[in-house]
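Novice: Sharing upload20.txt, compact mmCIF, C-alpha atoms:
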# COMPACT_ATOMS: atom_id res chain seq x y z
CA MET H 968 68.75 -44.09 158.70
CA ARG H 969 66.77 -40.91 158.15
CA PRO H 970 67.91 -37.83 160.10
CA LYS H 971 65.75 -36.97 163.08
CA ARG H 972 63.67 -33.85 162.66
CA PRO H 973 64.27 -31.10 165.24
CA VAL H 974 61.58 -31.07 167.92
CA SER H 975 61.08 -27.34 167.42
CA LEU H 976 60.30 -27.94 163.75
CA VAL H 977 57.59 -30.50 164.55
CA ILE H 978 55.98 -28.42 167.32
CA GLY H 979 56.24 -25.21 165.32
CA ALA H 980 54.72 -26.80 162.23
CA ALA H 981 51.84 -28.17 164.33
CA LEU H 982 51.07 -24.79 165.92
CA VAL H 983 51.35 -22.94 162.61
CA GLY H 984 49.17 -25.58 160.95
CA LEU H 985 46.54 -25.06 163.64
CA VAL H 986 46.46 -21.28 163.13
CA VAL H 987 46.46 -21.50 159.33
CA ALA H 988 43.77 -24.22 159.39
CA ALA H 989 41.54 -22.02 161.56
CA ALA H 990 42.06 -19.11 159.17
CA LEU H 991 41.26 -21.19 156.09
CA VAL H 992 38.23 -22.90 157.62
CA SER H 993 36.82 -19.51 158.64
CA LEU H 994 36.59 -18.61 154.94
CA VAL H 995 33.80 -21.15 154.47
CA TRP H 996 32.54 -21.98 157.97
CA THR H 997 32.38 -20.67 161.53
CA PRO H 998 30.18 -22.07 164.33
CA HIS H 999 28.10 -18.89 164.24
CA ASP H 1000 27.97 -15.66 162.26
CA TYR H 1001 30.85 -13.68 163.73
CA GLU H 1002 29.06 -10.41 162.93
CA ALA H 1003 25.76 -11.40 164.55
CA ILE H 1004 24.94 -9.32 167.66
CA ASP H 1005 22.51 -10.67 170.24
CA VAL H 1006 22.61 -8.60 173.43
CA ALA H 1007 20.30 -11.07 175.18
CA GLN H 1008 23.04 -13.72 174.80
CA ARG H 1009 25.92 -11.60 176.13
CA PHE H 1010 28.55 -13.09 178.49
CA LEU H 1011 27.29 -16.64 178.15
CA PRO H 1012 29.62 -19.31 179.61
CA PRO H 1013 31.10 -22.07 177.42
CA SER H 1014 28.48 -24.56 176.26
CA ALA H 1015 27.73 -27.02 173.50
CA GLU H 1016 26.30 -24.18 171.40
CA HIS H 1017 28.96 -21.58 172.19
CA TRP H 1018 32.21 -23.47 172.82
CA LEU H 1019 33.98 -20.53 174.48
CA GLY H 1020 30.92 -18.50 175.36
CA THR H 1021 29.92 -15.12 174.00
CA ASP H 1022 31.30 -11.60 174.34
CA GLN H 1023 29.78 -8.32 175.54
CA PHE H 1024 27.72 -8.04 172.34
CA GLY H 1025 26.50 -11.62 172.37
CA ARG H 1026 28.83 -12.69 169.54
CA ASP H 1027 30.27 -16.19 169.52
CA VAL H 1028 33.87 -16.05 170.76
CA VAL H 1029 35.12 -19.04 168.73
CA SER H 1030 33.76 -17.54 165.53
CA GLN H 1031 35.43 -14.24 166.36
CA LEU H 1032 38.77 -15.97 167.04
CA MET H 1033 38.62 -17.95 163.78
CA ALA H 1034 37.83 -14.84 161.74
CA GLY H 1035 40.54 -12.96 163.64
CA ALA H 1036 43.04 -15.66 162.63
CA ARG H 1037 42.09 -15.04 159.01
CA SER H 1038 42.76 -11.31 159.35
CA SER H 1039 46.09 -11.78 161.12
CA VAL H 1040 47.38 -14.46 158.75
CA ALA H 1041 46.26 -12.55 155.64
CA ILE H 1042 47.91 -9.29 156.68
CA ALA H 1043 51.09 -11.02 157.87
CA PHE H 1044 51.36 -13.13 154.70
CA VAL H 1045 50.94 -10.23 152.28
CA ALA H 1046 53.23 -7.96 154.32
CA VAL H 1047 56.03 -10.52 154.69
CA LEU H 1048 55.72 -11.50 151.01
CA LEU H 1049 55.97 -7.87 149.93
CA GLY H 1050 58.77 -7.05 152.36
CA GLY H 1051 60.62 -10.26 151.50
CA VAL H 1052 60.54 -9.70 147.75
CA VAL H 1053 61.59 -6.05 147.92
CA GLY H 1054 64.18 -6.59 150.65
CA SER H 1055 65.68 -9.68 149.00
CA LEU H 1056 66.02 -7.88 145.68
CA MET H 1057 67.72 -4.97 147.44
CA GLY H 1058 70.12 -7.33 149.21
CA LEU H 1059 70.98 -9.20 146.01
CA VAL H 1060 71.55 -5.96 144.10
CA ALA H 1061 73.76 -4.61 146.89
CA ALA H 1062 75.86 -7.79 147.04
CA SER H 1063 76.22 -8.02 143.25
CA ALA H 1064 76.85 -4.36 142.43
CA GLY H 1065 79.04 -3.36 145.37
CA GLY H 1066 80.58 0.09 145.56
CA LEU H 1067 78.30 3.10 145.67
CA VAL H 1068 75.18 1.05 144.95
CA GLU H 1069 75.83 -1.20 147.96
CA ASP H 1070 76.52 1.79 150.18
CA ALA H 1071 73.32 3.51 149.04
CA VAL H 1072 71.19 0.42 149.67
CA MET H 1073 72.68 -0.15 153.13
CA ARG H 1074 72.22 3.48 154.15
CA LEU H 1075 68.61 3.26 153.01
CA THR H 1076 68.07 0.20 155.19
CA ASP H 1077 69.70 2.03 158.12
CA PHE H 1078 67.17 4.85 157.68
CA SER H 1079 64.29 2.36 157.53
CA LEU H 1080 65.42 0.58 160.69
CA ALA H 1081 65.66 3.91 162.53
CA PHE H 1082 62.05 4.83 161.65
CA PRO H 1083 59.54 3.31 164.16
CA ALA H 1084 56.99 1.07 162.46
CA LEU H 1085 54.10 2.14 164.72
CA LEU H 1086 54.86 5.80 164.04
CA PHE H 1087 54.82 5.07 160.31
CA ALA H 1088 51.48 3.26 160.68
CA ILE H 1089 50.03 6.16 162.65
CA MET H 1090 51.18 8.53 159.91
CA LEU H 1091 49.55 6.36 157.23
CA GLY H 1092 46.36 6.16 159.27
CA ALA H 1093 46.26 9.94 159.70
CA LEU H 1094 46.81 10.54 155.97
CA PHE H 1095 44.71 7.76 154.41
CA GLY H 1096 42.69 6.28 157.26
CA PRO H 1097 43.20 2.90 158.95
CA SER H 1098 42.77 -0.04 156.60
CA PHE H 1099 44.04 -3.49 155.60
CA ALA H 1100 46.32 -1.98 152.95
CA ASN H 1101 47.90 0.53 155.32
CA ALA H 1102 48.58 -2.20 157.90
CA VAL H 1103 50.27 -4.28 155.19
CA VAL H 1104 52.44 -1.37 154.04
CA ALA H 1105 53.47 -0.50 157.61
CA ILE H 1106 54.48 -4.10 158.43
CA ALA H 1107 56.23 -4.58 155.08
CA PHE H 1108 58.16 -1.36 155.71
CA ILE H 1109 59.87 -2.84 158.78
CA SER H 1110 60.52 -6.17 157.02
CA VAL H 1111 62.35 -4.77 153.99
CA PRO H 1112 65.60 -3.68 155.72
CA VAL H 1113 65.83 -6.95 157.66
CA PHE H 1114 65.55 -9.04 154.49
CA ALA H 1115 67.95 -6.75 152.66
CA ARG H 1116 70.68 -7.06 155.29
CA VAL H 1117 70.36 -10.83 155.76
CA VAL H 1118 70.22 -11.57 152.02
CA ARG H 1119 73.18 -9.28 151.32
CA GLY H 1120 75.28 -11.04 153.95
CA ALA H 1121 74.31 -14.49 152.68
CA ALA H 1122 74.92 -13.49 149.05
CA LEU H 1123 78.37 -12.10 149.85
CA GLN H 1124 79.26 -15.35 151.58
CA VAL H 1125 78.11 -17.41 148.58
CA ARG H 1126 79.99 -15.18 146.12
CA SER H 1127 83.23 -15.90 147.97
CA GLN H 1128 82.94 -19.68 147.45
CA ASP H 1129 85.27 -21.53 145.08
CA TYR H 1130 82.52 -22.66 142.70
CA VAL H 1131 81.45 -19.04 142.16
CA LEU H 1132 85.05 -18.03 141.51
CA ALA H 1133 85.30 -20.91 139.04
CA ALA H 1134 82.14 -19.70 137.30
CA ARG H 1135 83.66 -16.24 136.98
CA ALA H 1136 86.82 -17.74 135.54
CA GLY H 1137 84.64 -19.58 133.03
CA ALA H 1138 83.37 -16.24 131.71
CA ARG H 1139 79.87 -16.67 133.14
CA THR H 1140 77.94 -13.40 133.20
CA PRO H 1141 77.05 -11.81 136.56
CA ALA H 1142 73.36 -12.46 135.84
CA HIS H 1143 73.98 -16.18 135.29
CA ILE H 1144 76.10 -16.43 138.45
CA LEU H 1145 73.42 -14.65 140.43
CA TRP H 1146 70.59 -16.85 139.15
CA ASP H 1147 72.41 -20.20 139.02
CA HIS H 1148 74.56 -20.02 142.16
CA VAL H 1149 73.67 -17.16 144.49
CA VAL H 1150 69.87 -17.26 144.55
CA PRO H 1151 69.50 -21.04 145.18
CA ASN H 1152 71.98 -20.90 148.06
CA VAL H 1153 70.35 -17.84 149.61
CA LEU H 1154 66.80 -19.23 149.51
CA PRO H 1155 67.15 -21.27 152.75
CA ALA H 1156 68.14 -18.14 154.67
CA ILE H 1157 65.19 -16.26 153.15
CA THR H 1158 62.79 -19.06 154.13
CA VAL H 1159 63.97 -19.15 157.73
CA LEU H 1160 63.87 -15.37 158.01
CA ALA H 1161 60.36 -15.25 156.51
CA THR H 1162 58.98 -17.50 159.26
CA ILE H 1163 60.53 -15.33 161.96
CA GLU H 1164 59.29 -12.15 160.28
CA PHE H 1165 55.84 -13.75 160.08
CA ALA H 1166 55.81 -13.99 163.88
CA ILE H 1167 56.84 -10.34 164.16
CA ALA H 1168 54.14 -9.38 161.65
CA ILE H 1169 51.48 -11.14 163.76
CA LEU H 1170 52.58 -9.12 166.79
CA VAL H 1171 52.68 -5.82 164.90
CA GLU H 1172 49.28 -6.46 163.33
CA ALA H 1173 47.82 -7.14 166.78
CA ALA H 1174 49.38 -3.91 168.09
CA LEU H 1175 48.02 -1.89 165.16
CA SER H 1176 44.53 -3.37 165.59
CA TYR H 1177 44.72 -2.70 169.34
CA LEU H 1178 45.38 0.97 168.52
CA GLY H 1179 42.59 1.01 165.93
CA LEU H 1180 44.97 1.23 162.96
CA GLY H 1181 44.46 -2.29 161.55
CA VAL H 1182 41.43 -3.88 159.92
CA GLN H 1183 38.22 -2.09 160.77
CA PRO H 1184 34.92 -3.38 162.19
CA PRO H 1185 33.00 -5.52 161.61
CA THR H 1186 36.00 -7.63 160.52
CA PRO H 1187 37.34 -9.29 163.71
CA SER H 1188 40.95 -8.95 164.81
CA TRP H 1189 42.77 -10.44 167.79
CA GLY H 1190 44.26 -7.06 168.68
CA ARG H 1191 40.90 -5.29 168.65
CA MET H 1192 39.37 -8.11 170.72
CA LEU H 1193 42.05 -7.37 173.33
CA ALA H 1194 41.30 -3.65 173.18
CA GLN H 1195 37.57 -4.23 173.65
CA ALA H 1196 38.16 -6.64 176.54
CA GLN H 1197 40.45 -4.37 178.56
CA THR H 1198 37.49 -2.65 180.25
CA LEU H 1199 35.96 -6.03 181.12
CA LEU H 1200 38.91 -7.67 182.86
CA TYR H 1201 37.08 -7.95 186.20
CA LEU H 1202 33.75 -8.93 184.67
CA ALA H 1203 34.87 -11.33 181.92
CA PRO H 1204 38.67 -11.82 181.90
CA GLN H 1205 38.38 -14.73 179.48
CA LEU H 1206 37.58 -12.28 176.68
CA ALA H 1207 41.15 -10.99 176.97
CA ILE H 1208 42.72 -14.38 177.65
CA TYR H 1209 41.42 -16.09 174.50
CA PRO H 1210 42.82 -13.66 171.87
CA GLY H 1211 46.01 -13.30 173.92
CA LEU H 1212 46.49 -17.07 173.81
CA CYS H 1213 45.86 -17.07 170.05
CA ILE H 1214 48.53 -14.42 169.50
CA MET H 1215 50.94 -16.34 171.75
CA ILE H 1216 50.33 -19.63 169.91
CA ALA H 1217 50.79 -18.02 166.49
CA VAL H 1218 53.99 -16.19 167.45
CA LEU H 1219 55.43 -19.20 169.28
CA GLY H 1220 54.59 -21.49 166.36
CA PHE H 1221 56.28 -19.35 163.72
CA ASN H 1222 59.34 -18.75 165.91
CA MET H 1223 59.74 -22.46 166.62
CA LEU H 1224 59.18 -23.27 162.95
CA GLY H 1225 61.92 -20.83 162.00
CA ASP H 1226 64.30 -22.32 164.56
CA GLY H 1227 63.49 -25.82 163.34
CA LEU H 1228 64.04 -24.92 159.70
CA ARG H 1229 67.36 -23.34 160.59
CA ASP H 1230 68.47 -26.46 162.45
CA ALA H 1231 67.28 -28.72 159.64
CA ALA H 1232 69.12 -26.64 157.03
CA ASP H 1233 72.37 -26.77 159.03
CA PRO H 1234 72.67 -30.06 160.96
CA ARG H 1235 75.91 -28.80 162.56
CA LEU H 1236 73.76 -26.64 164.84
CA THR H 1237 72.26 -29.74 166.44
CA GLU H 1238 75.55 -31.57 166.97
CA GLY H 1239 76.34 -32.13 170.60
CA ARG H 1240 72.82 -31.37 171.81
Let me see the structure of the file written as structure tokens.

Specialist:
Amino acid sequence: MRPKRPVSLVIGAALVGLVVAAALVSLVWTPHDYEAIDVAQRFLPPSAEHWLGTDQFGRDVVSQLMAGARSSVAIAFVAVLLGGVVGSLMGLVAASAGGLVEDAVMRLTDFSLAFPALLFAIMLGALFGPSFANAVVAIAFISVPVFARVVRGAALQVRSQDYVLAARAGARTPAHILWDHVVPNVLPAITVLATIEFAIAILVEAALSYLGLGVQPPTPSWGRMLAQAQTLLYLAPQLAIYPGLCIMIAVLGFNMLGDGLRDAADPRLTEGR
């Protein structure tokens, strides 16, 4: 009998699949040109031509949301990938080297965690101007210490296992032990953490775009759609509801996916439920 998949894994995968599918489809097709402005068509209600209506500039809302998904997913993916690689390497080095190297790496992560991400993004924007690259760097900056701490803890736990001690007794080099035993057993923790950090990256990207520090016009962004809709809450509240729902679905999906992957990786967590 095959083990039953956690419900959170199924729901999370479905929501994430929906967001990623919208982002990928927007690369080749959207119902309308998301950059096209037609003031005569502003604030149209949902119809067969405009499924969710149009905004204050006459742009199709569905097309804007699909292109916004592409921006959010792209920034979050690159930022989490960059932060995950750098942070995981730092954690592995700290766990393997120990001593002064481990202390130095951990103190560096402490400093990073104490530095507000939004303040760092504002600083980058002031120095180099708001852009895709600066948003990626700012989000990756807050991901690095989280990955470093989690990977270090997982690696230290693996290094204390009997099979690692046996490998040391067999005169295996530290590099071989790290590659053959530590890394494969740490990968599940990295995967789960990456999904959770992806959700955080979506939120931070929306916040940066809301403040004007993310991707710049005419490229759509869920956060900037919220910022533009805040003055229209009484006239057209749906323009704020739609991107807010998209952010909620994306964050909920990645969080549930992370929880489901964690439960699937350790069935003991589901015992007794």

Novice: What does the distance from atom CA of Pro1184 of chain H to atom CA of Glu1002 of chain H come to in Å, to one decimal?

Specialist: 9.2 Å

Novice: How far is it from atom CA of Gly979 of chain H to atom CA of Val1113 of chain H, in Å with one decimal?

Specialist: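 Between these atoms lies a distance of 22.0 Å.
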
Novice: I need the residue nearest Leu1059 of chain H from this list: H:Ala1217, H:Ala988, H:Ala1034, H:Leu1145. Use only C-alpha atoms for the distance.

Specialist: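 The closest residue to Leu1059 of chain H is H:Leu1145.
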
Novice: Using all atoms listed in the file, find the one residue out of H:Val1149, H:Leu991, H:Ala1122, H:Leu1154 that sits nearest to Ala1062 of chain H.

Specialist: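 Distance minimum relative to Ala1062 of chain H lands on H:Ala1122.
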
Novice: Distance table requested - segment 1135-1190 of chain H against segment 1080-1085 of chain H, cut-off 10 Å, all atoms listed in the file: one row per qualifying residue with the closest atom pair and its distance in Å to one decimal, ordered by chain and rising residue number, as a Markdown table.

Specialist:
| residue | atom | partner | partner_atom | distance |
| --- | --- | --- | --- | --- |
| H:Val1171 | CA | H:Leu1085 | CA | 8.1 |
| H:Glu1172 | CA | H:Leu1085 | CA | 10.0 |
| H:Ala1174 | CA | H:Leu1085 | CA | 8.4 |
| H:Leu1175 | CA | H:Leu1085 | CA | 7.3 |
| H:Leu1178 | CA | H:Leu1085 | CA | 9.6 |
| H:Leu1180 | CA | H:Leu1085 | CA | 9.3 |

Novice: For Ala989 of chain H, please output as JSON, numbers by chain all residues within 7 Å (counting all atoms listed in the file; exclusion window: fewer than 4 positions along the same chain).

Specialist: {"H": [985, 993, 1033, 1036]}

Novice: Restricting the calculation to only C-alpha atoms: of H:Val1053, H:Leu982, H:Ile1144, H:Leu1219, which residue gets closest to Pro1112 of chain H?

Specialist: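 Smallest distance to Pro1112 of chain H is found for H:Val1053.
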
Novice: Residues within 8 Å of Gly1211 of chain H, please, as a list in words. Count all atoms listed in the file; anything in the same chain fewer than 3 positions from it doesn't count.

Specialist: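 My reading of the contact set: Trp1189, Leu1193, Ala1207, Ile1208, Ile1214 and Met1215 of chain H.
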
Novice: Report as a list in words all protein, DNA and RNA residues lying within 9 Å of segment 1028-1030 of chain H, evaluated on all atoms listed in the file, omitting residues in the same chain fewer than 4 positions from it.

Specialist: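 The neighbour list is Ser993, Trp996, Thr997, Pro998, His999, Asp1000, Tyr1001, Glu1002, His1017, Trp1018, Leu1019, Gly1020, Thr1021, Asp1022, Ala1034, Gly1035, Leu1206 and Tyr1209 of chain H.
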
Novice: Could you work out an axis-aligned bounding box for all listed atoms of segment 1001-1020 of chain H, with 3 Å added on each of the six sides, and give its centre and edge lengths in Å to one decimal, as AutoDock Vina command-line options?

Specialist:
--center_x 27.1 --center_y -17.8 --center_z 171.3 --size_x 19.7 --size_y 24.4 --size_z 22.7

Novice: List the residues sitting within 9 Å of (80.5, -21.6, 136.8) in the file's frame, using all atoms listed in the file, as JSON, numbers by chain.

Specialist: {"H": [1130, 1131, 1132, 1133, 1134, 1135, 1136, 1137, 1138, 1139, 1143, 1144, 1147, 1148]}

Novice: Okay, now the selection with C-alpha atoms, as a PDB file, in the frame of the given file?

Specialist:
ATOM      1  CA  TYR H1130      82.520 -22.660 142.700  1.00  0.00           C
ATOM      2  CA  VAL H1131      81.450 -19.040 142.160  1.00  0.00           C
ATOM      3  CA  LEU H1132      85.050 -18.030 141.510  1.00  0.00           C
ATOM      4  CA  ALA H1133      85.300 -20.910 139.040  1.00  0.00           C
ATOM      5  CA  ALA H1134      82.140 -19.700 137.300  1.00  0.00           C
ATOM      6  CA  ARG H1135      83.660 -16.240 136.980  1.00  0.00           C
ATOM      7  CA  ALA H1136      86.820 -17.740 135.540  1.00  0.00           C
ATOM      8  CA  GLY H1137      84.640 -19.580 133.030  1.00  0.00           C
ATOM      9  CA  ALA H1138      83.370 -16.240 131.710  1.00  0.00           C
ATOM     10  CA  ARG H1139      79.870 -16.670 133.140  1.00  0.00           C
ATOM     11  CA  HIS H1143      73.980 -16.180 135.290  1.00  0.00           C
ATOM     12  CA  ILE H1144      76.100 -16.430 138.450  1.00  0.00           C
ATOM     13  CA  ASP H1147      72.410 -20.200 139.020  1.00  0.00           C
ATOM     14  CA  HIS H1148      74.560 -20.020 142.160  1.00  0.00           C
TER      15      HIS H1148
END

Novice: What is the atom CA of Phe1078 of chain H to atom CA of Gly1120 of chain H distance in Å?

Specialist: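 About the pair atom CA of Phe1078 of chain H and atom CA of Gly1120 of chain H: they are 18.2 Å apart.
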
Novice: Counting only C-alpha atoms, which of H:Ala990, H:Met1223, H:Ala1232, H:Leu1091 gets nearest to Ile978 of chain H?

Specialist: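 With only C-alpha atoms as the atom set, the closest residue is H:Met1223.
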
Novice: Selecting all heavy atoms, how would segment 1062-1073 of chain H from this structure be written as a compact mmCIF listing (two decimals), in the first residue's frame?

Specialist:
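Written out: result-v5.txt:
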# COMPACT_ATOMS: atom_id res chain seq x y z
N ALA H 1062 29.95 23.99 9.31
CA ALA H 1062 29.82 22.70 9.99
C ALA H 1062 31.06 21.84 9.80
O ALA H 1062 31.44 21.08 10.71
CB ALA H 1062 28.59 21.96 9.45
N SER H 1063 31.71 21.93 8.65
CA SER H 1063 32.87 21.09 8.37
C SER H 1063 34.15 21.62 9.01
O SER H 1063 34.96 20.85 9.54
CB SER H 1063 33.08 20.97 6.85
OG SER H 1063 31.95 20.40 6.23
N ALA H 1064 34.32 22.95 8.97
CA ALA H 1064 35.57 23.53 9.48
C ALA H 1064 35.57 23.65 11.00
O ALA H 1064 36.56 23.33 11.66
CB ALA H 1064 35.80 24.89 8.83
N GLY H 1065 34.43 24.12 11.55
CA GLY H 1065 34.38 24.32 13.00
C GLY H 1065 35.32 25.43 13.45
O GLY H 1065 35.91 26.16 12.65
N GLY H 1066 35.47 25.56 14.75
CA GLY H 1066 36.44 26.50 15.30
C GLY H 1066 36.18 27.94 14.92
O GLY H 1066 35.03 28.40 14.89
N LEU H 1067 37.24 28.66 14.59
CA LEU H 1067 37.15 30.07 14.28
C LEU H 1067 36.35 30.33 13.00
O LEU H 1067 35.64 31.33 12.90
CB LEU H 1067 38.56 30.66 14.13
CG LEU H 1067 39.40 30.75 15.41
CD1 LEU H 1067 40.79 31.27 15.10
CD2 LEU H 1067 38.70 31.65 16.44
N VAL H 1068 36.47 29.43 12.03
CA VAL H 1068 35.72 29.59 10.78
C VAL H 1068 34.23 29.53 11.05
O VAL H 1068 33.45 30.36 10.56
CB VAL H 1068 36.14 28.50 9.77
CG1 VAL H 1068 35.24 28.58 8.52
CG2 VAL H 1068 37.59 28.66 9.38
N GLU H 1069 33.80 28.56 11.85
CA GLU H 1069 32.37 28.43 12.18
C GLU H 1069 31.89 29.66 12.94
O GLU H 1069 30.80 30.19 12.65
CB GLU H 1069 32.15 27.18 13.01
CG GLU H 1069 30.69 26.93 13.35
CD GLU H 1069 30.49 25.66 14.14
OE1 GLU H 1069 31.50 25.13 14.67
OE2 GLU H 1069 29.34 25.19 14.25
N ASP H 1070 32.68 30.13 13.89
CA ASP H 1070 32.29 31.32 14.64
C ASP H 1070 32.17 32.54 13.73
O ASP H 1070 31.23 33.34 13.87
CB ASP H 1070 33.32 31.60 15.74
CG ASP H 1070 33.26 30.58 16.87
OD1 ASP H 1070 32.21 29.91 17.00
OD2 ASP H 1070 34.25 30.46 17.61
N ALA H 1071 33.11 32.68 12.80
CA ALA H 1071 33.08 33.83 11.89
C ALA H 1071 31.85 33.79 11.00
O ALA H 1071 31.18 34.81 10.79
CB ALA H 1071 34.35 33.84 11.04
N VAL H 1072 31.52 32.61 10.47
CA VAL H 1072 30.35 32.48 9.60
C VAL H 1072 29.07 32.77 10.37
O VAL H 1072 28.18 33.49 9.90
CB VAL H 1072 30.30 31.06 8.98
CG1 VAL H 1072 28.96 30.85 8.25
CG2 VAL H 1072 31.45 30.87 8.01
N MET H 1073 28.96 32.25 11.58
CA MET H 1073 27.75 32.47 12.38
C MET H 1073 27.59 33.93 12.79
O MET H 1073 26.50 34.46 12.82
CB MET H 1073 27.77 31.57 13.61
CG MET H 1073 27.59 30.09 13.29
SD MET H 1073 26.00 29.74 12.44
CE MET H 1073 26.54 29.62 10.72
